[in-house]
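Engineer: Pasting a structure here, questions to come.
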Amino acid sequence: MSMLQTSLKAAMNARVIGSGSETMILAHGFGGDQSLWDKILPYLTKHYHVLLFDWLCSGTVKDPNLYDPLKYTSFDAFADDLIALMDELHLTSSVFVGHSMSGMIGCIASIKRPQLFSKLILVGSSPRYITTNDYEGGFDGAAIDNMMSSIESDYENWTSSFAKLLVDNNDPLSIEHYFKCLKSMNPEFVLPLAKAIFRSDERETLEKVTTPCTIVQVKNDLVVPNSVAYYMQKKIKGEATVEFVNADRHYPQLTAPLEFIHVLSRVLGFEI
């Protein structure tokens, strides 16, 4: 079935739940799906219509033919899907919460169609993962090359070690949750998308973002150094603030949901 024959809402398992006058969009990161938001969802649906969905690369998407790894070699194609999904659902002026790669996807979408977004909440997001002379990305080029080699040559061990890199090791249930999401993803999609993400450079994109942004950074994220949050704040053209979640690793919505919700409630002005 081609994209022309099916709605994006159906293809991306999209659903809108909750109540409120505003819409909030929750966009998951690499290797995930919408279930990764489950712990914070009950707090949000009291105040917002919440749009949840799965990117077409996700293991929960029923038709793998809808995702073409050659098409999704940049965040632009994901941003186009987000815009098309919002248009299909007639959503405008929404609060967008993007985790990891979805933060940059939201930035790109907001540049293309600023009226769709009232605020961007960028959680554990980074415009570039590789360090340069004047920028600390968290990885050197060799580390990224080694990661790609591991995906190619030792996929089973890589999925396990990657889950432990991203999720607080004191929370084995959350590690298992993310690991199951990652393992459900079509292995043929993983390497091209990992290359697209970890070799991306969207630093110039930030200078075109005019939508108000809050950058949510976990204090001990092994993937995104704290300096990246401040770099993004400085580079984003519009108003940008930085908020920290006192937790470990890359997934506050899994391992520190109450701390994360407190940050969101403070930034957005809703009661828990």
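Residues are referred to by chain and number: the chain letter is A, B, ... according to the order shown in the structure tokens, the number counts from 1 in that chain, and ligands are numbered separately from 1 in the order shown.
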Out of range 29-266 of chain A, which residues get strand (DSSP E or B) from DSSP, as a JSON list (two decimals) with N, CA, C and O atoms, in the first residue's frame?

Structural biologist:
[["chain", "number", "residue", "atom", "x", "y", "z"],
["A", 48, "TYR", "N", -4.20, 18.93, 27.97],
["A", 48, "TYR", "CA", -3.98, 19.07, 26.53],
["A", 48, "TYR", "C", -4.68, 17.96, 25.75],
["A", 48, "TYR", "O", -4.86, 16.85, 26.25],
["A", 49, "HIS", "N", -5.05, 18.29, 24.51],
["A", 49, "HIS", "CA", -5.27, 17.25, 23.52],
["A", 49, "HIS", "C", -3.88, 16.79, 23.10],
["A", 49, "HIS", "O", -3.11, 17.59, 22.56],
["A", 50, "VAL", "N", -3.55, 15.53, 23.34],
["A", 50, "VAL", "CA", -2.19, 15.04, 23.09],
["A", 50, "VAL", "C", -2.18, 14.16, 21.85],
["A", 50, "VAL", "O", -2.91, 13.17, 21.77],
["A", 51, "LEU", "N", -1.34, 14.55, 20.88],
["A", 51, "LEU", "CA", -1.14, 13.73, 19.69],
["A", 51, "LEU", "C", 0.07, 12.82, 19.92],
["A", 51, "LEU", "O", 1.18, 13.30, 20.19],
["A", 52, "LEU", "N", -0.17, 11.52, 19.81],
["A", 52, "LEU", "CA", 0.89, 10.51, 19.87],
["A", 52, "LEU", "C", 0.98, 9.83, 18.51],
["A", 52, "LEU", "O", -0.03, 9.65, 17.84],
["A", 94, "SER", "N", 0.47, 24.35, 18.01],
["A", 94, "SER", "CA", 0.62, 23.24, 18.96],
["A", 94, "SER", "C", 1.92, 23.35, 19.74],
["A", 94, "SER", "O", 2.91, 23.88, 19.25],
["A", 95, "VAL", "N", 1.90, 22.80, 20.96],
["A", 95, "VAL", "CA", 3.13, 22.63, 21.74],
["A", 95, "VAL", "C", 3.77, 21.33, 21.26],
["A", 95, "VAL", "O", 3.15, 20.27, 21.32],
["A", 96, "PHE", "N", 4.99, 21.40, 20.77],
["A", 96, "PHE", "CA", 5.68, 20.23, 20.25],
["A", 96, "PHE", "C", 6.75, 19.79, 21.22],
["A", 96, "PHE", "O", 7.65, 20.57, 21.58],
["A", 97, "VAL", "N", 6.67, 18.54, 21.70],
["A", 97, "VAL", "CA", 7.68, 17.98, 22.58],
["A", 97, "VAL", "C", 8.42, 16.90, 21.79],
["A", 97, "VAL", "O", 7.87, 15.84, 21.48],
["A", 98, "GLY", "N", 9.66, 17.19, 21.44],
["A", 98, "GLY", "CA", 10.44, 16.27, 20.62],
["A", 98, "GLY", "C", 11.62, 15.74, 21.39],
["A", 98, "GLY", "O", 12.45, 16.50, 21.91],
["A", 99, "HIS", "N", 11.71, 14.41, 21.48],
["A", 99, "HIS", "CA", 12.83, 13.79, 22.19],
["A", 99, "HIS", "C", 13.93, 13.40, 21.22],
["A", 99, "HIS", "O", 13.68, 12.80, 20.17],
["A", 117, "PHE", "N", 3.19, 25.73, 15.18],
["A", 117, "PHE", "CA", 3.77, 25.51, 16.50],
["A", 117, "PHE", "C", 3.73, 26.76, 17.36],
["A", 117, "PHE", "O", 4.14, 27.84, 16.92],
["A", 118, "SER", "N", 3.26, 26.61, 18.60],
["A", 118, "SER", "CA", 3.30, 27.73, 19.55],
["A", 118, "SER", "C", 4.56, 27.68, 20.40],
["A", 118, "SER", "O", 5.05, 28.71, 20.86],
["A", 119, "LYS", "N", 5.08, 26.47, 20.60],
["A", 119, "LYS", "CA", 6.29, 26.29, 21.42],
["A", 119, "LYS", "C", 6.96, 24.97, 21.06],
["A", 119, "LYS", "O", 6.27, 24.00, 20.74],
["A", 120, "LEU", "N", 8.27, 24.96, 21.11],
["A", 120, "LEU", "CA", 9.05, 23.73, 20.92],
["A", 120, "LEU", "C", 9.72, 23.38, 22.24],
["A", 120, "LEU", "O", 10.40, 24.20, 22.85],
["A", 121, "ILE", "N", 9.52, 22.14, 22.69],
["A", 121, "ILE", "CA", 10.23, 21.62, 23.87],
["A", 121, "ILE", "C", 11.19, 20.56, 23.35],
["A", 121, "ILE", "O", 10.77, 19.51, 22.84],
["A", 122, "LEU", "N", 12.47, 20.85, 23.42],
["A", 122, "LEU", "CA", 13.50, 20.01, 22.80],
["A", 122, "LEU", "C", 14.19, 19.22, 23.91],
["A", 122, "LEU", "O", 14.95, 19.78, 24.72],
["A", 123, "VAL", "N", 13.92, 17.92, 23.97],
["A", 123, "VAL", "CA", 14.36, 17.08, 25.09],
["A", 123, "VAL", "C", 15.55, 16.22, 24.65],
["A", 123, "VAL", "O", 15.42, 15.39, 23.75],
["A", 128, "ARG", "N", 24.35, 18.35, 16.50],
["A", 128, "ARG", "CA", 25.52, 17.63, 15.97],
["A", 128, "ARG", "C", 26.13, 16.80, 17.10],
["A", 128, "ARG", "O", 26.30, 17.30, 18.22],
["A", 130, "ILE", "N", 29.14, 14.96, 16.69],
["A", 130, "ILE", "CA", 30.60, 14.84, 16.56],
["A", 130, "ILE", "C", 31.28, 16.15, 16.93],
["A", 130, "ILE", "O", 30.90, 17.22, 16.46],
["A", 132, "THR", "N", 33.94, 19.13, 17.09],
["A", 132, "THR", "CA", 34.87, 19.81, 16.18],
["A", 132, "THR", "C", 35.77, 20.70, 17.04],
["A", 132, "THR", "O", 35.69, 20.69, 18.27],
["A", 135, "TYR", "N", 33.42, 23.06, 18.94],
["A", 135, "TYR", "CA", 32.09, 22.56, 19.34],
["A", 135, "TYR", "C", 32.25, 21.19, 19.99],
["A", 135, "TYR", "O", 32.88, 20.29, 19.42],
["A", 139, "PHE", "N", 30.97, 13.05, 20.98],
["A", 139, "PHE", "CA", 31.65, 11.91, 20.36],
["A", 139, "PHE", "C", 32.72, 12.43, 19.41],
["A", 139, "PHE", "O", 32.56, 13.50, 18.82],
["A", 201, "ASP", "N", 24.57, 17.41, 10.90],
["A", 201, "ASP", "CA", 25.03, 18.71, 11.37],
["A", 201, "ASP", "C", 23.93, 19.73, 11.06],
["A", 201, "ASP", "O", 23.81, 20.20, 9.94],
["A", 213, "CYS", "N", 11.41, 28.35, 22.30],
["A", 213, "CYS", "CA", 11.92, 27.01, 22.60],
["A", 213, "CYS", "C", 12.29, 26.88, 24.08],
["A", 213, "CYS", "O", 12.81, 27.83, 24.67],
["A", 214, "THR", "N", 12.05, 25.71, 24.61],
["A", 214, "THR", "CA", 12.66, 25.32, 25.88],
["A", 214, "THR", "C", 13.48, 24.06, 25.63],
["A", 214, "THR", "O", 12.98, 23.08, 25.09],
["A", 215, "ILE", "N", 14.75, 24.13, 25.99],
["A", 215, "ILE", "CA", 15.65, 23.00, 25.84],
["A", 215, "ILE", "C", 15.70, 22.27, 27.17],
["A", 215, "ILE", "O", 16.07, 22.86, 28.19],
["A", 216, "VAL", "N", 15.29, 21.01, 27.19],
["A", 216, "VAL", "CA", 15.28, 20.21, 28.41],
["A", 216, "VAL", "C", 16.45, 19.24, 28.35],
["A", 216, "VAL", "O", 16.51, 18.38, 27.48],
["A", 217, "GLN", "N", 17.37, 19.42, 29.28],
["A", 217, "GLN", "CA", 18.61, 18.65, 29.29],
["A", 217, "GLN", "C", 18.70, 17.82, 30.57],
["A", 217, "GLN", "O", 18.49, 18.34, 31.67],
["A", 218, "VAL", "N", 19.00, 16.54, 30.43],
["A", 218, "VAL", "CA", 19.27, 15.70, 31.60],
["A", 218, "VAL", "C", 20.70, 15.97, 32.05],
["A", 218, "VAL", "O", 21.62, 16.04, 31.22],
["A", 219, "LYS", "N", 20.90, 16.13, 33.35],
["A", 219, "LYS", "CA", 22.21, 16.56, 33.86],
["A", 219, "LYS", "C", 23.32, 15.59, 33.52],
["A", 219, "LYS", "O", 24.46, 15.99, 33.29],
["A", 220, "ASN", "N", 23.02, 14.31, 33.49],
["A", 220, "ASN", "CA", 24.06, 13.30, 33.23],
["A", 220, "ASN", "C", 23.69, 12.47, 32.01],
["A", 220, "ASN", "O", 23.51, 11.26, 32.10],
["A", 240, "ALA", "N", 14.78, 31.35, 23.73],
["A", 240, "ALA", "CA", 15.14, 29.98, 24.11],
["A", 240, "ALA", "C", 15.62, 29.95, 25.56],
["A", 240, "ALA", "O", 16.42, 30.79, 25.97],
["A", 241, "THR", "N", 15.12, 28.99, 26.31],
["A", 241, "THR", "CA", 15.54, 28.80, 27.70],
["A", 241, "THR", "C", 16.03, 27.37, 27.88],
["A", 241, "THR", "O", 15.69, 26.48, 27.08],
["A", 242, "VAL", "N", 16.82, 27.15, 28.93],
["A", 242, "VAL", "CA", 17.34, 25.81, 29.24],
["A", 242, "VAL", "C", 16.82, 25.38, 30.60],
["A", 242, "VAL", "O", 16.85, 26.15, 31.56],
["A", 243, "GLU", "N", 16.31, 24.17, 30.67],
["A", 243, "GLU", "CA", 15.86, 23.57, 31.93],
["A", 243, "GLU", "C", 16.58, 22.23, 32.10],
["A", 243, "GLU", "O", 16.73, 21.47, 31.14],
["A", 244, "PHE", "N", 16.98, 21.94, 33.34],
["A", 244, "PHE", "CA", 17.67, 20.68, 33.61],
["A", 244, "PHE", "C", 16.78, 19.73, 34.39],
["A", 244, "PHE", "O", 16.03, 20.15, 35.28],
["A", 245, "VAL", "N", 16.87, 18.45, 34.04],
["A", 245, "VAL", "CA", 16.25, 17.38, 34.82],
["A", 245, "VAL", "C", 17.37, 16.67, 35.56],
["A", 245, "VAL", "O", 18.35, 16.24, 34.94],
["A", 246, "ASN", "N", 17.23, 16.58, 36.87],
["A", 246, "ASN", "CA", 18.29, 15.96, 37.68],
["A", 246, "ASN", "C", 18.15, 14.44, 37.62],
["A", 246, "ASN", "O", 17.51, 13.81, 38.45],
["A", 247, "ALA", "N", 18.74, 13.86, 36.58],
["A", 247, "ALA", "CA", 18.61, 12.42, 36.35],
["A", 247, "ALA", "C", 19.80, 11.94, 35.53],
["A", 247, "ALA", "O", 20.67, 12.73, 35.15],
["A", 248, "ASP", "N", 19.85, 10.64, 35.28],
["A", 248, "ASP", "CA", 20.95, 10.04, 34.52],
["A", 248, "ASP", "C", 20.48, 9.56, 33.16],
["A", 248, "ASP", "O", 19.36, 9.05, 33.01]]

Engineer: Would you please give, as a ChimeraX atom specification, all residues of range 33-227 of chain A that DSSP assigns to helix (DSSP H, G or I) based on the backbone?

Structural biologist: /A:34-37,41-44,64-66,75-88,101-112,114-116,141-153,155-166,172-184,187-198,203-206,226-227

Engineer: Can you work out which one of A:Lys39, A:Lys234, A:Arg113, A:His250 has the shortest atom-to-atom distance to Ile83 in chain A, counting only C-alpha atoms?

Structural biologist: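 Under the stated criterion, the closest residue is A:Arg113.
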
Engineer: Could the residues of range 83-187 of chain A that have an atom at most 7 Å from range 54-78 of chain A be listed as JSON lines, each with its closest atom pair and the distance in Å to one decimal, counting only C-alpha atoms and ordered by chain and ascending residue number?

Structural biologist:
{"residue": "A:Ile105", "atom": "CA", "partner": "A:Phe75", "partner_atom": "CA", "distance": 5.6}
{"residue": "A:Ile108", "atom": "CA", "partner": "A:Asp76", "partner_atom": "CA", "distance": 6.8}
{"residue": "A:Cys181", "atom": "CA", "partner": "A:Gly59", "partner_atom": "CA", "distance": 6.8}
{"residue": "A:Ser184", "atom": "CA", "partner": "A:Gly59", "partner_atom": "CA", "distance": 4.6}
{"residue": "A:Met185", "atom": "CA", "partner": "A:Gly59", "partner_atom": "CA", "distance": 3.9}
{"residue": "A:Asn186", "atom": "CA", "partner": "A:Gly59", "partner_atom": "CA", "distance": 6.3}

Engineer: Kindly indicate which residue among A:Glu207, A:Glu156, A:Asp87, A:Asp33 lies nearest to Tyr178 in chain A, using only C-alpha atoms for the distances.

Structural biologist: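 Of the candidates, the smallest distance to Tyr178 in chain A is held by A:Asp33.
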
Engineer: What's the 9 Å shell around range 162-172 of chain A, counting only C-alpha atoms, without same-chain residues fewer than 2 positions away, as a list of chain:residue names?

Structural biologist: A:Asn157, A:Trp158, A:Thr159, A:Ser160, A:Ser174, A:Ile175, A:Glu176, A:His177, A:Tyr178, A:Phe179, A:Leu182, A:Asp221, A:Leu222, A:Val223, A:Ala247, A:Asp248, A:Arg249, A:His250, A:Tyr251, A:Pro252, A:Leu254, A:Thr255

Engineer: Measuring between only C-alpha atoms, which one of A:Ala196, A:Ala14, A:Ala229, A:Leu206 shows the shortest distance to Gly137 in chain A?

Structural biologist: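 The answer is A:Ala229, which sits nearest to Gly137 in chain A.
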
Engineer: Choose the residue, out of A:Glu239, A:Glu88, A:Asp140, A:Glu152, that has the smallest atom-to-atom separation from Phe198 in chain A; count only C-alpha atoms.

Structural biologist: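 Ranked by minimum distance to Phe198 in chain A, first place goes to A:Asp140.
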
Engineer: Measure the distance from CA of Asp145 in chain A to CA of Gly31 in chain A in Å and round it to one decimal.

Structural biologist: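 About the pair CA of Asp145 in chain A and CA of Gly31 in chain A: they are 18.7 Å apart.
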
Engineer: Between CA of Thr45 in chain A and CA of Lys9 in chain A, what is the spacing in Å?

Structural biologist: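 Separation of CA of Lys9 in chain A and CA of Thr45 in chain A: 19.1 Å.
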
Engineer: Counting only C-alpha atoms, what is within 10 Å of Ile236 in chain A, bar same-chain residues fewer than 5 positions away, as a PyMOL selection string?

Structural biologist: chain A and resi 107+203-213+231+241

Engineer: Now that the selection is made, can you save its residues with N, CA and C atoms as a short mmCIF file (atom, residue, chain, number, x, y, z; two decimals), in the first residue's frame?

Structural biologist:
data_model
loop_
_atom_site.label_atom_id
_atom_site.label_comp_id
_atom_site.auth_asym_id
_atom_site.auth_seq_id
_atom_site.Cartn_x
_atom_site.Cartn_y
_atom_site.Cartn_z
N CYS A 107 12.34 21.42 14.97
CA CYS A 107 12.94 22.70 14.56
C CYS A 107 12.78 22.93 13.07
N ARG A 203 23.50 22.58 12.87
CA ARG A 203 23.79 23.77 13.66
C ARG A 203 23.25 25.04 12.99
N GLU A 204 23.34 25.10 11.66
CA GLU A 204 22.83 26.29 10.96
C GLU A 204 21.30 26.36 10.99
N THR A 205 20.67 25.21 11.14
CA THR A 205 19.20 25.18 11.24
C THR A 205 18.72 26.00 12.43
N LEU A 206 19.44 25.92 13.54
CA LEU A 206 19.02 26.59 14.77
C LEU A 206 18.86 28.10 14.56
N GLU A 207 19.68 28.66 13.70
CA GLU A 207 19.66 30.11 13.48
C GLU A 207 18.40 30.57 12.74
N LYS A 208 17.61 29.63 12.25
CA LYS A 208 16.38 29.97 11.52
C LYS A 208 15.13 29.71 12.35
N VAL A 209 15.29 29.17 13.56
CA VAL A 209 14.14 28.81 14.41
C VAL A 209 13.66 30.05 15.15
N THR A 210 12.42 30.47 14.89
CA THR A 210 11.85 31.65 15.55
C THR A 210 10.80 31.29 16.60
N THR A 211 10.28 30.05 16.57
CA THR A 211 9.31 29.60 17.56
C THR A 211 9.97 29.56 18.94
N PRO A 212 9.29 30.05 19.99
CA PRO A 212 9.87 29.97 21.34
C PRO A 212 10.23 28.53 21.71
N CYS A 213 11.41 28.35 22.30
CA CYS A 213 11.92 27.01 22.60
C CYS A 213 12.29 26.88 24.08
N TYR A 231 24.67 25.75 23.88
CA TYR A 231 24.98 26.09 22.49
C TYR A 231 23.68 26.31 21.70
N THR A 241 15.12 28.99 26.31
CA THR A 241 15.54 28.80 27.70
C THR A 241 16.03 27.37 27.88
#
